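**Student:** The file below is target07.pdb, PDB, C-alpha atoms, pLDDT in the B column:
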ATOM      1  CA  MET A   1     -84.472  42.783 160.242  1.00 32.00           C
ATOM      2  CA  LEU A   2     -87.419  44.113 162.247  1.00 34.00           C
ATOM      3  CA  ILE A   3     -86.227  43.292 165.731  1.00 31.00           C
ATOM      4  CA  THR A   4     -84.664  46.586 166.801  1.00 28.00           C
ATOM      5  CA  LEU A   5     -87.566  48.818 167.854  1.00 30.00           C
ATOM      6  CA  LEU A   6     -90.097  46.250 168.793  1.00 32.00           C
ATOM      7  CA  LEU A   7     -92.499  46.457 171.701  1.00 34.00           C
ATOM      8  CA  PRO A   8     -90.638  49.199 173.555  1.00 34.00           C
ATOM      9  CA  LEU A   9     -92.940  49.597 176.574  1.00 32.00           C
ATOM     10  CA  SER A  10     -96.327  48.821 175.110  1.00 43.00           C
ATOM     11  CA  ILE A  11     -96.738  45.441 176.718  1.00 43.00           C
ATOM     12  CA  SER A  12     -96.620  45.157 180.471  1.00 43.00           C
ATOM     13  CA  ALA A  13     -93.355  43.867 181.894  1.00 42.00           C
ATOM     14  CA  GLN A  14     -95.123  41.312 184.139  1.00 49.00           C
ATOM     15  CA  ASP A  15     -92.927  38.202 184.126  1.00 55.00           C
ATOM     16  CA  TYR A  16     -91.869  38.413 180.505  1.00 66.00           C
ATOM     17  CA  LYS A  17     -88.484  37.508 179.155  1.00 81.00           C
ATOM     18  CA  THR A  18     -87.017  38.589 175.821  1.00 89.00           C
ATOM     19  CA  GLY A  19     -87.454  36.077 172.997  1.00 92.00           C
ATOM     20  CA  PRO A  20     -85.230  35.144 170.051  1.00 94.00           C
ATOM     21  CA  HIS A  21     -86.917  37.799 167.857  1.00 92.00           C
ATOM     22  CA  GLY A  22     -86.584  40.546 170.484  1.00 91.00           C
ATOM     23  CA  GLY A  23     -90.192  40.401 171.704  1.00 92.00           C
ATOM     24  CA  LYS A  24     -91.784  39.648 175.051  1.00 92.00           C
ATOM     25  CA  VAL A  25     -92.238  35.953 175.880  1.00 95.00           C
ATOM     26  CA  LYS A  26     -94.915  34.358 178.004  1.00 95.00           C
ATOM     27  CA  ASN A  27     -95.238  30.708 179.018  1.00 95.00           C
ATOM     28  CA  ALA A  28     -98.114  28.799 177.424  1.00 95.00           C
ATOM     29  CA  GLY A  29     -98.154  25.292 178.846  1.00 94.00           C
ATOM     30  CA  SER A  30     -95.098  23.413 177.607  1.00 95.00           C
ATOM     31  CA  ASN A  31     -94.595  26.069 174.909  1.00 97.00           C
ATOM     32  CA  LYS A  32     -93.967  29.792 174.902  1.00 97.00           C
ATOM     33  CA  ILE A  33     -95.428  32.641 172.868  1.00 97.00           C
ATOM     34  CA  GLU A  34     -93.397  35.646 171.775  1.00 96.00           C
ATOM     35  CA  LEU A  35     -95.115  38.930 170.926  1.00 92.00           C
ATOM     36  CA  LEU A  36     -93.626  42.084 169.524  1.00 89.00           C
ATOM     37  CA  TYR A  37     -95.031  45.301 168.112  1.00 81.00           C
ATOM     38  CA  SER A  38     -93.451  47.587 165.534  1.00 77.00           C
ATOM     39  CA  GLN A  39     -94.855  50.497 163.540  1.00 75.00           C
ATOM     40  CA  GLY A  40     -98.480  49.402 163.772  1.00 72.00           C
ATOM     41  CA  ASN A  41     -97.829  45.697 163.251  1.00 81.00           C
ATOM     42  CA  PHE A  42     -98.030  42.793 165.697  1.00 84.00           C
ATOM     43  CA  TYR A  43     -95.645  39.891 165.201  1.00 92.00           C
ATOM     44  CA  THR A  44     -96.014  36.678 167.145  1.00 95.00           C
ATOM     45  CA  PHE A  45     -94.067  33.440 167.267  1.00 97.00           C
ATOM     46  CA  LEU A  46     -94.744  30.041 168.796  1.00 98.00           C
ATOM     47  CA  LEU A  47     -91.695  28.755 170.665  1.00 97.00           C
ATOM     48  CA  ASP A  48     -90.824  25.388 172.126  1.00 97.00           C
ATOM     49  CA  ALA A  49     -89.915  24.872 175.805  1.00 95.00           C
ATOM     50  CA  ASN A  50     -86.326  25.931 175.054  1.00 95.00           C
ATOM     51  CA  SER A  51     -87.450  29.191 173.371  1.00 95.00           C
ATOM     52  CA  LYS A  52     -86.651  27.899 169.883  1.00 96.00           C
ATOM     53  CA  PRO A  53     -89.035  29.055 167.131  1.00 97.00           C
ATOM     54  CA  ILE A  54     -91.456  26.470 165.738  1.00 97.00           C
ATOM     55  CA  SER A  55     -92.228  26.448 162.010  1.00 97.00           C
ATOM     56  CA  ASN A  56     -95.568  28.068 161.148  1.00 97.00           C
ATOM     57  CA  LYS A  57     -96.353  25.413 158.538  1.00 97.00           C
ATOM     58  CA  GLY A  58     -99.876  24.072 159.072  1.00 97.00           C
ATOM     59  CA  ILE A  59    -100.460  26.340 162.105  1.00 97.00           C
ATOM     60  CA  SER A  60    -103.135  29.027 162.298  1.00 97.00           C
ATOM     61  CA  CYS A  61    -102.997  32.031 164.590  1.00 97.00           C
ATOM     62  CA  SER A  62    -105.469  34.634 165.811  1.00 95.00           C
ATOM     63  CA  LEU A  63    -105.305  37.823 167.829  1.00 90.00           C
ATOM     64  CA  ASN A  64    -108.065  38.991 170.162  1.00 90.00           C
ATOM     65  CA  LEU A  65    -107.713  42.574 171.426  1.00 86.00           C
ATOM     66  CA  CYS A  66    -109.798  43.741 174.390  1.00 88.00           C
ATOM     67  CA  PHE A  67    -110.295  47.461 174.914  1.00 83.00           C
ATOM     68  CA  ASN A  68    -111.232  49.380 178.081  1.00 79.00           C
ATOM     69  CA  THR A  69    -114.511  50.239 176.367  1.00 78.00           C
ATOM     70  CA  CYS A  70    -115.436  46.523 176.584  1.00 78.00           C
ATOM     71  CA  GLU A  71    -115.140  46.280 172.802  1.00 83.00           C
ATOM     72  CA  LYS A  72    -113.166  43.439 171.287  1.00 85.00           C
ATOM     73  CA  GLU A  73    -111.399  43.056 167.976  1.00 81.00           C
ATOM     74  CA  TYR A  74    -110.676  39.606 166.593  1.00 85.00           C
ATOM     75  CA  ARG A  75    -108.249  38.971 163.741  1.00 86.00           C
ATOM     76  CA  ASP A  76    -106.792  35.961 162.032  1.00 87.00           C
ATOM     77  CA  ILE A  77    -103.090  36.577 161.681  1.00 92.00           C
ATOM     78  CA  LYS A  78    -101.275  35.770 158.447  1.00 94.00           C
ATOM     79  CA  PRO A  79     -98.050  33.732 158.342  1.00 96.00           C
ATOM     80  CA  PHE A  80     -94.856  35.763 158.368  1.00 93.00           C
ATOM     81  CA  SER A  81     -91.483  34.331 157.332  1.00 95.00           C
ATOM     82  CA  SER A  82     -91.082  30.632 158.192  1.00 96.00           C
ATOM     83  CA  ASP A  83     -91.807  30.806 161.908  1.00 97.00           C
ATOM     84  CA  GLY A  84     -94.014  33.796 162.659  1.00 96.00           C
ATOM     85  CA  PHE A  85     -97.350  35.485 162.135  1.00 96.00           C
ATOM     86  CA  SER A  86     -98.182  39.150 161.619  1.00 92.00           C
ATOM     87  CA  ALA A  87    -101.159  41.495 161.830  1.00 86.00           C
ATOM     88  CA  ASP A  88    -100.891  44.970 160.366  1.00 78.00           C
ATOM     89  CA  ASN A  89    -102.592  48.262 161.230  1.00 71.00           C
ATOM     90  CA  VAL A  90    -103.156  47.396 164.886  1.00 69.00           C
ATOM     91  CA  ILE A  91    -103.850  50.429 167.076  1.00 63.00           C
ATOM     92  CA  VAL A  92    -102.155  49.459 170.292  1.00 61.00           C
ATOM     93  CA  GLN A  93    -102.615  52.616 172.399  1.00 62.00           C
ATOM     94  CA  ASN A  94    -106.160  51.748 173.399  1.00 71.00           C
ATOM     95  CA  PHE A  95    -106.101  48.043 174.080  1.00 76.00           C
ATOM     96  CA  TYR A  96    -106.177  46.613 177.578  1.00 82.00           C
ATOM     97  CA  SER A  97    -105.113  43.062 176.753  1.00 88.00           C
ATOM     98  CA  CYS A  98    -104.500  40.826 173.789  1.00 88.00           C
ATOM     99  CA  THR A  99    -104.784  37.075 173.556  1.00 93.00           C
ATOM    100  CA  ILE A 100    -102.742  35.169 171.002  1.00 95.00           C
ATOM    101  CA  LEU A 101    -104.135  31.760 169.999  1.00 96.00           C
ATOM    102  CA  PHE A 102    -102.260  29.186 167.935  1.00 97.00           C
ATOM    103  CA  VAL A 103    -104.071  26.136 166.535  1.00 97.00           C
ATOM    104  CA  LEU A 104    -101.714  23.305 165.618  1.00 97.00           C
ATOM    105  CA  PRO A 105    -102.303  20.849 162.743  1.00 96.00           C
ATOM    106  CA  ASP A 106    -103.452  18.204 165.259  1.00 96.00           C
ATOM    107  CA  GLY A 107    -106.099  20.621 166.615  1.00 97.00           C
ATOM    108  CA  ARG A 108    -104.261  21.400 169.840  1.00 96.00           C
ATOM    109  CA  LYS A 109    -104.618  25.028 170.983  1.00 97.00           C
ATOM    110  CA  ILE A 110    -101.913  27.127 172.630  1.00 97.00           C
ATOM    111  CA  SER A 111    -102.631  30.615 173.911  1.00 97.00           C
ATOM    112  CA  ALA A 112    -101.309  33.404 176.110  1.00 95.00           C
ATOM    113  CA  GLU A 113    -102.619  36.788 177.200  1.00 94.00           C
ATOM    114  CA  PHE A 114    -100.488  39.927 177.203  1.00 91.00           C
ATOM    115  CA  TYR A 115    -101.435  43.180 178.964  1.00 87.00           C
ATOM    116  CA  ASN A 116    -100.821  46.752 177.808  1.00 77.00           C
ATOM    117  CA  GLU A 117     -99.601  48.866 180.711  1.00 65.00           C
ATOM    118  CA  GLU A 118     -99.534  52.006 178.585  1.00 58.00           C
ATOM    119  CA  ASP A 119    -103.226  52.041 177.748  1.00 45.00           C
ATOM    120  CA  ASN A 120    -104.043  55.665 176.951  1.00 42.00           C
ATOM    121  CA  SER A 121    -107.796  55.316 176.656  1.00 41.00           C
ATOM    122  CA  THR A 122    -110.163  56.953 179.103  1.00 38.00           C
ATOM    123  CA  ASN A 123    -113.384  55.700 180.567  1.00 36.00           C
ATOM    124  CA  GLU A 124    -115.054  59.070 181.092  1.00 32.00           C
TER     125      GLU A 124
END
Let me see whether you can do it: turn the structure in this file into structure tokens.

**Tutor:**
Amino acid sequence: MLITLLLPLSISAQDYKTGPHGGKVKNAGSNKIELLYSQGNFYTFLLDANSKPISNKGISCSLNLCFNTCEKEYRDIKPFSSDGFSADNVIVQNFYSCTILFVLPDGRKISAEFYNEEDNSTNE
């Protein structure tokens, strides 16, 4: 199980709560989005209003990283297990924020933005 060393301090502690997979949770309308980071991989989960995981069947997910250098990196995220999505080889030290976007089978979009308070990049 990958939940033990996930997202230690990489994502800002704004108003996040801990989700059912051990990640940080942010409200996204009537849903919630859970994000966790482990060994170079992002994992994200769409949750219902009661923080219960929603099946990833028929859902697409993307990750948009914004760096202090004004560069952006966009990735489609592949399904992981029955209720999550994952992106591998993500370099988290230098990103300022990341936006997670879920697109449901009916076309509805659900997103949330997470901030990295341990950004180690410099703007010199």

**Student:** Please provide the set of residues having any atom within 7 Å of stretch 28-35 of chain A, restricted to all atoms listed in the file, with same-chain residues fewer than 3 positions apart removed, written as a count of residues only.

**Tutor:** 15

**Student:** In terms of the shortest atom-to-atom distance over all atoms listed in the file, which of A:Pro20, A:Leu36, A:Val103, A:Lys72 is closest to A:Lys57?

**Tutor:**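 Of A:Pro20, A:Leu36, A:Val103, A:Lys72, the one nearest A:Lys57 is A:Val103, counting all atoms listed in the file.
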
**Student:** Tell me which of A:Phe42, A:Cys66, A:Ile54, A:Tyr96 sits closest to A:Asp83, counting all atoms listed in the file.

**Tutor:**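 The answer is A:Ile54, which sits nearest to A:Asp83.
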
**Student:** One decimal, Å: what's the distance from atom CA of A:Lys109 over to atom CA of A:Asn94, could you say?

**Tutor:**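 Going from atom CA of A:Lys109 over to atom CA of A:Asn94, I get 26.9 Å.
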
**Student:** Could you check which of A:Phe114, A:Asn41, A:Pro53, A:Lys26 is closest to A:Gly84, using all atoms listed in the file?

**Tutor:** A:Pro53

**Student:** Using only C-alpha atoms, can you list as a PyMOL selection string the residues within 12 Å of (-111.0, 41.0, 161.9)?

**Tutor:** chain A and resi 62-65+72-78+87-90

**Student:** Would you work out the distance separating atom CA of A:Tyr37 from atom CA of A:Cys98, expressed in Å to one decimal?

**Tutor:**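 Atom-to-atom, atom CA of A:Tyr37 and atom CA of A:Cys98 are spaced 11.9 Å apart.
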
**Student:** Once you add 5 Å to each side, what are the centre and edge lengths of the axis-aligned box holding all listed atoms of stretch 35-41 of chain A? One decimal in Å, as JSON, if you can.

**Tutor:**
{"center_x": -96.0, "center_y": 44.7, "center_z": 167.1, "size_x": 15.0, "size_y": 21.6, "size_z": 17.7}

**Student:** Can you measure atom CA of A:Phe85 to atom CA of A:Ser38 for me? One decimal in Å is fine.

**Tutor:** 13.2 Å
